[in-house]
$ cat final13.txt   # compact mmCIF, C-alpha atoms
# COMPACT_ATOMS: atom_id res chain seq x y z
CA MET A 1 -11.81 11.45 30.35
CA ASN A 2 -10.89 7.81 29.68
CA SER A 3 -8.84 7.14 26.61
CA GLN A 4 -11.08 5.85 23.84
CA THR A 5 -10.15 3.55 20.98
CA VAL A 6 -10.47 5.22 17.60
CA ARG A 7 -9.72 4.28 14.00
CA VAL A 8 -7.89 6.91 11.97
CA THR A 9 -7.71 6.64 8.17
CA LYS A 10 -5.67 8.48 5.56
CA LYS A 11 -6.26 8.10 1.82
CA PHE A 12 -3.50 8.21 -0.80
CA THR A 13 -3.65 8.37 -4.59
CA PHE A 14 -0.98 7.28 -7.04
CA ASP A 15 -0.69 6.14 -10.66
CA MET A 16 0.92 2.86 -11.59
CA ALA A 17 1.10 0.45 -14.52
CA HIS A 18 1.28 -3.31 -14.36
CA ALA A 19 0.77 -6.45 -16.43
CA LEU A 20 -0.48 -9.81 -15.21
CA TYR A 21 1.84 -12.43 -16.69
CA GLY A 22 -0.02 -15.54 -17.85
CA TYR A 23 -3.46 -14.01 -17.24
CA ASP A 24 -6.20 -15.08 -19.67
CA GLY A 25 -7.70 -11.63 -20.24
CA PRO A 26 -6.76 -8.15 -21.42
CA CYS A 27 -4.88 -7.37 -18.17
CA LYS A 28 -2.02 -9.53 -19.46
CA ASN A 29 -1.05 -6.39 -21.40
CA ILE A 30 0.72 -3.46 -19.80
CA HIS A 31 -1.90 -0.99 -18.60
CA GLY A 32 -2.28 1.56 -15.85
CA HIS A 33 -4.59 2.59 -13.04
CA THR A 34 -5.08 5.48 -10.68
CA TYR A 35 -4.94 3.67 -7.35
CA HIS A 36 -6.52 4.85 -4.11
CA LEU A 37 -4.97 3.41 -0.95
CA HIS A 38 -6.73 3.73 2.41
CA VAL A 39 -4.65 3.06 5.53
CA THR A 40 -6.39 2.76 8.91
CA ILE A 41 -4.66 2.80 12.28
CA LEU A 42 -6.39 1.64 15.47
CA GLY A 43 -5.34 3.05 18.81
CA LYS A 44 -6.14 4.95 21.96
CA ILE A 45 -6.42 8.72 21.90
CA ILE A 46 -3.47 10.28 23.73
CA THR A 47 -4.85 11.92 26.86
CA ASP A 48 -1.62 13.33 28.30
CA ALA A 49 -2.01 17.10 27.94
CA ASN A 50 1.79 17.50 27.94
CA ASN A 51 2.20 15.24 24.92
CA PRO A 52 2.42 17.24 21.66
CA LYS A 53 0.18 14.56 20.08
CA HIS A 54 -2.50 15.09 22.77
CA GLY A 55 -5.96 14.26 21.39
CA MET A 56 -4.58 12.10 18.56
CA VAL A 57 -4.24 8.39 17.92
CA VAL A 58 -1.54 9.00 15.35
CA ASP A 59 -0.38 12.22 13.74
CA PHE A 60 -1.74 12.31 10.17
CA LYS A 61 1.61 13.75 9.07
CA ASP A 62 3.49 10.77 10.55
CA LEU A 63 1.12 8.35 8.82
CA LYS A 64 1.53 10.25 5.54
CA ASP A 65 5.32 10.25 5.84
CA ILE A 66 5.47 6.48 6.39
CA VAL A 67 3.17 5.62 3.47
CA LYS A 68 4.81 8.12 1.12
CA ASP A 69 8.31 6.88 2.01
CA LYS A 70 7.58 3.15 1.85
CA ILE A 71 4.93 2.96 -0.91
CA ILE A 72 4.06 6.10 -2.86
CA ASN A 73 7.59 7.31 -3.66
CA THR A 74 8.45 3.86 -5.01
CA PHE A 75 5.28 2.84 -6.82
CA ASP A 76 3.89 6.14 -8.16
CA HIS A 77 4.36 6.25 -11.95
CA ALA A 78 6.13 2.89 -11.92
CA LEU A 79 5.63 -0.22 -14.02
CA VAL A 80 5.25 -3.33 -11.84
CA LEU A 81 5.83 -6.78 -13.30
CA ASN A 82 6.10 -10.36 -12.13
CA GLU A 83 9.80 -11.25 -11.91
CA HIS A 84 8.96 -14.81 -12.98
CA SER A 85 7.95 -13.72 -16.47
CA PRO A 86 10.02 -15.57 -19.08
CA HIS A 87 10.49 -12.38 -21.09
CA LYS A 88 13.97 -11.72 -19.66
CA THR A 89 15.24 -9.76 -22.68
CA LEU A 90 12.21 -7.49 -22.68
CA MET A 91 12.52 -7.00 -18.91
CA LYS A 92 16.20 -6.08 -19.19
CA ASN A 93 15.40 -3.68 -22.02
CA LEU A 94 12.68 -2.02 -19.94
CA GLU A 95 15.08 -1.57 -17.02
CA GLU A 96 17.58 0.13 -19.34
CA GLN A 97 14.97 2.47 -20.85
CA PHE A 98 12.86 3.49 -17.86
CA GLU A 99 13.59 4.66 -14.32
CA LYS A 100 10.82 2.98 -12.36
CA ILE A 101 10.45 -0.68 -13.23
CA ILE A 102 9.64 -2.85 -10.22
CA PHE A 103 9.79 -6.64 -10.31
CA LEU A 104 7.84 -8.44 -7.62
CA PRO A 105 8.18 -12.14 -6.76
CA THR A 106 4.40 -12.46 -7.19
CA GLN A 107 1.75 -11.52 -9.72
CA PRO A 108 1.16 -7.75 -9.37
CA SER A 109 -2.59 -8.19 -8.84
CA CYS A 110 -4.49 -5.77 -6.65
CA GLU A 111 -4.57 -8.40 -3.90
CA ASN A 112 -0.84 -9.12 -3.97
CA LEU A 113 0.04 -5.43 -4.18
CA LEU A 114 -2.06 -4.77 -1.09
CA LEU A 115 -0.33 -7.56 0.86
CA HIS A 116 3.06 -6.24 -0.25
CA PHE A 117 2.14 -2.72 0.88
CA GLN A 118 0.92 -4.04 4.25
CA GLN A 119 4.27 -5.77 4.79
CA LEU A 120 6.16 -2.62 3.83
CA ILE A 121 4.49 -0.31 6.37
CA SER A 122 3.34 -2.47 9.30
CA PRO A 123 6.75 -2.45 11.09
CA TYR A 124 6.62 1.34 11.38
CA PHE A 125 3.73 1.56 13.83
CA SER A 126 4.15 1.33 17.59
CA ALA A 127 2.50 -1.21 19.88
CA THR A 128 -0.20 1.36 20.64
CA GLU A 129 -0.83 2.12 16.95
CA LYS A 130 -2.01 -1.00 15.14
CA LEU A 131 -2.28 -1.19 11.39
CA MET A 132 -5.92 -2.23 11.36
CA TYR A 133 -7.12 -2.01 7.78
CA MET A 134 -5.96 -1.29 4.25
CA LYS A 135 -7.97 -0.94 1.08
CA LEU A 136 -6.49 -0.65 -2.41
CA GLU A 137 -8.89 0.58 -5.09
CA GLU A 138 -7.69 -0.37 -8.56
CA THR A 139 -10.73 1.08 -10.33
CA PRO A 140 -13.80 2.95 -9.04
CA THR A 141 -15.62 -0.39 -8.77
CA SER A 142 -12.84 -2.87 -7.91
CA TYR A 143 -10.70 -3.09 -4.79
CA ALA A 144 -8.99 -5.42 -2.34
CA GLU A 145 -9.08 -5.15 1.46
CA TRP A 146 -6.77 -6.36 4.22
CA LEU A 147 -7.99 -6.45 7.83
CA LEU A 148 -5.92 -7.24 10.90
CA VAL A 149 -8.79 -9.22 12.43
CA ASP A 150 -8.77 -11.59 9.44
CA ASN A 151 -5.05 -12.26 9.84
CA GLU A 152 -4.56 -12.65 13.60
CA PRO A 153 -3.85 -16.15 14.88
$ encode --input "final13.txt" --output "structure tokens"
Amino acid sequence: MNSQTVRVTKKFTFDMAHALYGYDGPCKNIHGHTYHLHVTILGKIITDANNPKHGMVVDFKDLKDIVKDKIINTFDHALVLNEHSPHKTLMKNLEEQFEKIIFLPTQPSCENLLLHFQQLISPYFSATEKLMYMKLEETPTSYAEWLLVDNEP
């Protein structure tokens, strides 16, 4: 049987708070979401019967370990803020009071979070396993998507 190209997706769920500094709506206030992150890998099914991953594109456990290590363990139950906020005293106070405060160099919008997550995990896939697609659901009706095909030269 010829090796076929298949897309494999794993879905992750985590809770996170953020605030959009300078935003002109209610999301300028600290608030939280239950996020759903979909990660899709594109690759050929391994046809070598001697390979322990025979019949797989990527082992779901390996995919889970990468995403948990690089994203979930850091961002789950964290507060994510824009490091360019002028509220330096408040930010320092938050860091002293809470364990998981993350400052990003960009606005922690759904779109920017997704791009940050893509950059965190893409180096961990081999040449035969391409990070093809990511989707970050911020609410049941709102999400951002990243596709490799949209970002290739």
$ residues_around --input "final13.txt" --residues "A:Leu115" --least-positions-apart "3" --cutoff "10 Å" --atoms "all atoms listed in the file" --output "list in words"
Ser109, Cys110, Glu111, Asn112, Gln118, Gln119, Leu120, Met134, Leu136, Ala144, Glu145 and Trp146 of chain A
$ residues_around --input "final13.txt" --residues "A:Phe60" --least-positions-apart "5" --cutoff "9 Å" --atoms "all atoms listed in the file" --output "list in words"
Val8, Thr9, Lys10 and Asp65 of chain A
$ axis_aligned_box --input "final13.txt" --around "stretch 76-85 of chain A" --padding-each-side "8 Å" --output "lines of an AutoDock Vina configuration file"
center_x = 6.8
center_y = -4.3
center_z = -12.3
size_x = 21.9
size_y = 37.1
size_z = 24.3
$ residues_around --input "final13.txt" --residues "A:His33" --least-positions-apart "2" --cutoff "8 Å" --atoms "only C-alpha atoms" --output "list in words"
Asp15, Met16, Ala17, His31, Tyr35, Glu138 and Thr139 of chain A
$ atom_distance --input "final13.txt" --atom1 "atom CA of A:Leu131" --atom2 "atom CA of A:Ile72"
17.2 Å
$ residues_near_point --input "final13.txt" --point "(-7.3, -10.3, 13.8)" --cutoff "12 Å" --atoms "all atoms listed in the file" --output "number ranges by chain"
A: 130-133, 146-153
$ closest_residue --input "final13.txt" --among "A:His36, A:Lys70, A:Lys100, A:Lys11" --to "A:His116" --atoms "all atoms listed in the file"
A:Lys70
$ atom_distance --input "final13.txt" --atom1 "atom CA of A:Lys61" --atom2 "atom CA of A:His18"
29.0 Å
$ closest_residue --input "final13.txt" --among "A:Gln97, A:Gln4, A:Gln107, A:Ser85" --to "A:Leu20" --atoms "all atoms listed in the file"
A:Gln107
$ residues_around --input "final13.txt" --residues "A:Ile66" --least-positions-apart "5" --cutoff "9 Å" --atoms "only C-alpha atoms" --output "MDAnalysis selection string"
chainID A and resid 61 71 121 124
$ residues_near_point --input "final13.txt" --point "(-10.0, 4.1, 26.8)" --cutoff "8 Å" --atoms "only C-alpha atoms" --output "MDAnalysis selection string"
chainID A and resid 2:5 44:45
$ write_last_selection --input "final13.txt" --atoms "C-alpha atoms" --output "PDB file, in the coordinates of the input"
ATOM      1  CA  ASN A   2     -10.890   7.810  29.680  1.00  0.00           C
ATOM      2  CA  SER A   3      -8.840   7.140  26.610  1.00  0.00           C
ATOM      3  CA  GLN A   4     -11.080   5.850  23.840  1.00  0.00           C
ATOM      4  CA  THR A   5     -10.150   3.550  20.980  1.00  0.00           C
ATOM      5  CA  LYS A  44      -6.140   4.950  21.960  1.00  0.00           C
ATOM      6  CA  ILE A  45      -6.420   8.720  21.900  1.00  0.00           C
TER       7      ILE A  45
END
$ atom_distance --input "final13.txt" --atom1 "atom CA of A:Asn82" --atom2 "atom CA of A:Leu104"
5.2 Å
$ closest_residue --input "final13.txt" --among "A:Glu95, A:Phe12, A:Phe103, A:Phe125" --to "A:Thr34" --atoms "only C-alpha atoms"
A:Phe12
$ closest_residue --input "final13.txt" --among "A:Asn73, A:Asn93, A:Gly32, A:Ser122" --to "A:Ala19" --atoms "all atoms listed in the file"
A:Gly32
$ residues_around --input "final13.txt" --residues "stretch 47-58 of chain A" --least-positions-apart "5" --cutoff "8 Å" --atoms "all atoms listed in the file" --output "count of residues only"
10
$ closest_residue --input "final13.txt" --among "A:Tyr21, A:Thr141, A:His77, A:Ile30" --to "A:Pro105" --atoms "all atoms listed in the file"
A:Tyr21
$ decode --input "final13.txt" --residues "stretch 17-130 of chain A" --atoms "C-alpha atoms" --output "PDB file, in the first residue's frame"
ATOM      1  CA  ALA A  17      -7.742  35.127  31.738  1.00  0.00           C
ATOM      2  CA  HIS A  18      -6.611  38.156  29.812  1.00  0.00           C
ATOM      3  CA  ALA A  19      -7.264  41.864  29.347  1.00  0.00           C
ATOM      4  CA  LEU A  20      -6.930  43.870  26.150  1.00  0.00           C
ATOM      5  CA  TYR A  21      -5.038  47.032  27.049  1.00  0.00           C
ATOM      6  CA  GLY A  22      -6.408  50.109  25.277  1.00  0.00           C
ATOM      7  CA  TYR A  23      -9.392  48.244  23.825  1.00  0.00           C
ATOM      8  CA  ASP A  24     -12.605  50.266  23.484  1.00  0.00           C
ATOM      9  CA  GLY A  25     -14.981  47.622  24.839  1.00  0.00           C
ATOM     10  CA  PRO A  26     -15.594  45.468  27.905  1.00  0.00           C
ATOM     11  CA  CYS A  27     -12.650  43.158  27.085  1.00  0.00           C
ATOM     12  CA  LYS A  28     -10.320  45.885  28.372  1.00  0.00           C
ATOM     13  CA  ASN A  29     -11.179  44.447  31.802  1.00  0.00           C
ATOM     14  CA  ILE A  30      -9.625  41.270  33.139  1.00  0.00           C
ATOM     15  CA  HIS A  31     -11.876  38.362  32.189  1.00  0.00           C
ATOM     16  CA  GLY A  32     -11.511  34.687  31.424  1.00  0.00           C
ATOM     17  CA  HIS A  33     -12.378  32.090  28.816  1.00  0.00           C
ATOM     18  CA  THR A  34     -12.361  28.352  28.419  1.00  0.00           C
ATOM     19  CA  TYR A  35     -10.220  27.996  25.308  1.00  0.00           C
ATOM     20  CA  HIS A  36     -10.305  25.093  22.876  1.00  0.00           C
ATOM     21  CA  LEU A  37      -7.146  24.642  20.804  1.00  0.00           C
ATOM     22  CA  HIS A  38      -7.116  22.366  17.755  1.00  0.00           C
ATOM     23  CA  VAL A  39      -3.711  21.333  16.388  1.00  0.00           C
ATOM     24  CA  THR A  40      -3.506  19.563  13.022  1.00  0.00           C
ATOM     25  CA  ILE A  41      -0.442  17.786  11.659  1.00  0.00           C
ATOM     26  CA  LEU A  42      -0.111  16.825   7.988  1.00  0.00           C
ATOM     27  CA  GLY A  43       2.026  13.883   6.986  1.00  0.00           C
ATOM     28  CA  LYS A  44       2.381  10.492   5.395  1.00  0.00           C
ATOM     29  CA  ILE A  45       1.204   7.391   7.195  1.00  0.00           C
ATOM     30  CA  ILE A  46       4.194   5.309   8.302  1.00  0.00           C
ATOM     31  CA  THR A  47       4.116   2.094   6.279  1.00  0.00           C
ATOM     32  CA  ASP A  48       7.192   0.380   7.730  1.00  0.00           C
ATOM     33  CA  ALA A  49       5.775  -2.569   9.682  1.00  0.00           C
ATOM     34  CA  ASN A  50       8.897  -2.604  11.888  1.00  0.00           C
ATOM     35  CA  ASN A  51       8.351   0.984  13.017  1.00  0.00           C
ATOM     36  CA  PRO A  52       6.509   1.171  16.366  1.00  0.00           C
ATOM     37  CA  LYS A  53       4.507   4.091  14.895  1.00  0.00           C
ATOM     38  CA  HIS A  54       3.392   1.944  11.916  1.00  0.00           C
ATOM     39  CA  GLY A  55       0.015   3.126  10.609  1.00  0.00           C
ATOM     40  CA  MET A  56       0.352   6.604  12.163  1.00  0.00           C
ATOM     41  CA  VAL A  57       1.236  10.053  10.887  1.00  0.00           C
ATOM     42  CA  VAL A  58       2.154  11.190  14.379  1.00  0.00           C
ATOM     43  CA  ASP A  59       1.586   9.515  17.717  1.00  0.00           C
ATOM     44  CA  PHE A  60      -1.284  11.330  19.473  1.00  0.00           C
ATOM     45  CA  LYS A  61       0.686  11.013  22.721  1.00  0.00           C
ATOM     46  CA  ASP A  62       3.697  12.790  21.192  1.00  0.00           C
ATOM     47  CA  LEU A  63       1.455  15.572  19.893  1.00  0.00           C
ATOM     48  CA  LYS A  64      -0.217  15.867  23.301  1.00  0.00           C
ATOM     49  CA  ASP A  65       3.133  15.994  25.101  1.00  0.00           C
ATOM     50  CA  ILE A  66       4.427  18.818  22.885  1.00  0.00           C
ATOM     51  CA  VAL A  67       1.302  20.971  23.222  1.00  0.00           C
ATOM     52  CA  LYS A  68       0.974  20.345  26.955  1.00  0.00           C
ATOM     53  CA  ASP A  69       4.652  21.148  27.570  1.00  0.00           C
ATOM     54  CA  LYS A  70       4.862  24.262  25.398  1.00  0.00           C
ATOM     55  CA  ILE A  71       1.357  25.749  25.776  1.00  0.00           C
ATOM     56  CA  ILE A  72      -1.065  24.175  28.241  1.00  0.00           C
ATOM     57  CA  ASN A  73       1.248  23.894  31.267  1.00  0.00           C
ATOM     58  CA  THR A  74       2.168  27.568  30.882  1.00  0.00           C
ATOM     59  CA  PHE A  75      -1.132  29.176  29.920  1.00  0.00           C
ATOM     60  CA  ASP A  76      -3.738  27.089  31.782  1.00  0.00           C
ATOM     61  CA  HIS A  77      -5.166  29.145  34.658  1.00  0.00           C
ATOM     62  CA  ALA A  78      -2.845  32.045  33.859  1.00  0.00           C
ATOM     63  CA  LEU A  79      -3.509  35.753  33.446  1.00  0.00           C
ATOM     64  CA  VAL A  80      -2.046  37.071  30.181  1.00  0.00           C
ATOM     65  CA  LEU A  81      -1.418  40.781  29.729  1.00  0.00           C
ATOM     66  CA  ASN A  82       0.238  43.115  27.254  1.00  0.00           C
ATOM     67  CA  GLU A  83       3.685  44.009  28.601  1.00  0.00           C
ATOM     68  CA  HIS A  84       3.332  47.486  27.078  1.00  0.00           C
ATOM     69  CA  SER A  85       0.553  48.447  29.469  1.00  0.00           C
ATOM     70  CA  PRO A  86       1.512  51.597  31.392  1.00  0.00           C
ATOM     71  CA  HIS A  87       0.183  50.118  34.631  1.00  0.00           C
ATOM     72  CA  LYS A  88       3.646  49.040  35.834  1.00  0.00           C
ATOM     73  CA  THR A  89       2.808  49.204  39.554  1.00  0.00           C
ATOM     74  CA  LEU A  90      -0.302  47.092  39.112  1.00  0.00           C
ATOM     75  CA  MET A  91       1.629  44.615  36.960  1.00  0.00           C
ATOM     76  CA  LYS A  92       4.392  44.287  39.562  1.00  0.00           C
ATOM     77  CA  ASN A  93       1.782  43.826  42.288  1.00  0.00           C
ATOM     78  CA  LEU A  94       0.076  41.087  40.276  1.00  0.00           C
ATOM     79  CA  GLU A  95       3.377  39.269  39.790  1.00  0.00           C
ATOM     80  CA  GLU A  96       3.985  39.351  43.546  1.00  0.00           C
ATOM     81  CA  GLN A  97       0.486  38.057  44.387  1.00  0.00           C
ATOM     82  CA  PHE A  98      -0.126  35.385  41.761  1.00  0.00           C
ATOM     83  CA  GLU A  99       1.900  32.497  40.333  1.00  0.00           C
ATOM     84  CA  LYS A 100       0.886  32.577  36.685  1.00  0.00           C
ATOM     85  CA  ILE A 101       1.049  36.064  35.214  1.00  0.00           C
ATOM     86  CA  ILE A 102       2.318  36.111  31.638  1.00  0.00           C
ATOM     87  CA  PHE A 103       3.321  39.306  29.857  1.00  0.00           C
ATOM     88  CA  LEU A 104       3.389  39.140  26.074  1.00  0.00           C
ATOM     89  CA  PRO A 105       4.976  41.743  23.787  1.00  0.00           C
ATOM     90  CA  THR A 106       1.658  41.957  21.923  1.00  0.00           C
ATOM     91  CA  GLN A 107      -2.010  42.389  22.723  1.00  0.00           C
ATOM     92  CA  PRO A 108      -3.259  39.032  24.091  1.00  0.00           C
ATOM     93  CA  SER A 109      -6.075  38.810  21.534  1.00  0.00           C
ATOM     94  CA  CYS A 110      -7.224  35.440  20.269  1.00  0.00           C
ATOM     95  CA  GLU A 111      -5.347  36.075  17.014  1.00  0.00           C
ATOM     96  CA  ASN A 112      -2.053  36.993  18.673  1.00  0.00           C
ATOM     97  CA  LEU A 113      -2.298  34.134  21.153  1.00  0.00           C
ATOM     98  CA  LEU A 114      -2.773  31.705  18.277  1.00  0.00           C
ATOM     99  CA  LEU A 115       0.297  33.054  16.441  1.00  0.00           C
ATOM    100  CA  HIS A 116       2.316  32.836  19.660  1.00  0.00           C
ATOM    101  CA  PHE A 117       1.219  29.230  20.194  1.00  0.00           C
ATOM    102  CA  GLN A 118       2.113  28.354  16.592  1.00  0.00           C
ATOM    103  CA  GLN A 119       5.620  29.733  17.105  1.00  0.00           C
ATOM    104  CA  LEU A 120       6.003  27.810  20.368  1.00  0.00           C
ATOM    105  CA  ILE A 121       5.240  24.361  18.927  1.00  0.00           C
ATOM    106  CA  SER A 122       6.181  24.419  15.227  1.00  0.00           C
ATOM    107  CA  PRO A 123       9.906  23.668  15.820  1.00  0.00           C
ATOM    108  CA  TYR A 124       9.021  20.364  17.486  1.00  0.00           C
ATOM    109  CA  PHE A 125       7.690  18.593  14.406  1.00  0.00           C
ATOM    110  CA  SER A 126       9.884  16.715  11.951  1.00  0.00           C
ATOM    111  CA  ALA A 127      10.195  17.403   8.232  1.00  0.00           C
ATOM    112  CA  THR A 128       7.651  14.653   7.600  1.00  0.00           C
ATOM    113  CA  GLU A 129       5.183  16.041  10.161  1.00  0.00           C
ATOM    114  CA  LYS A 130       4.078  19.538   9.185  1.00  0.00           C
TER     115      LYS A 130
END
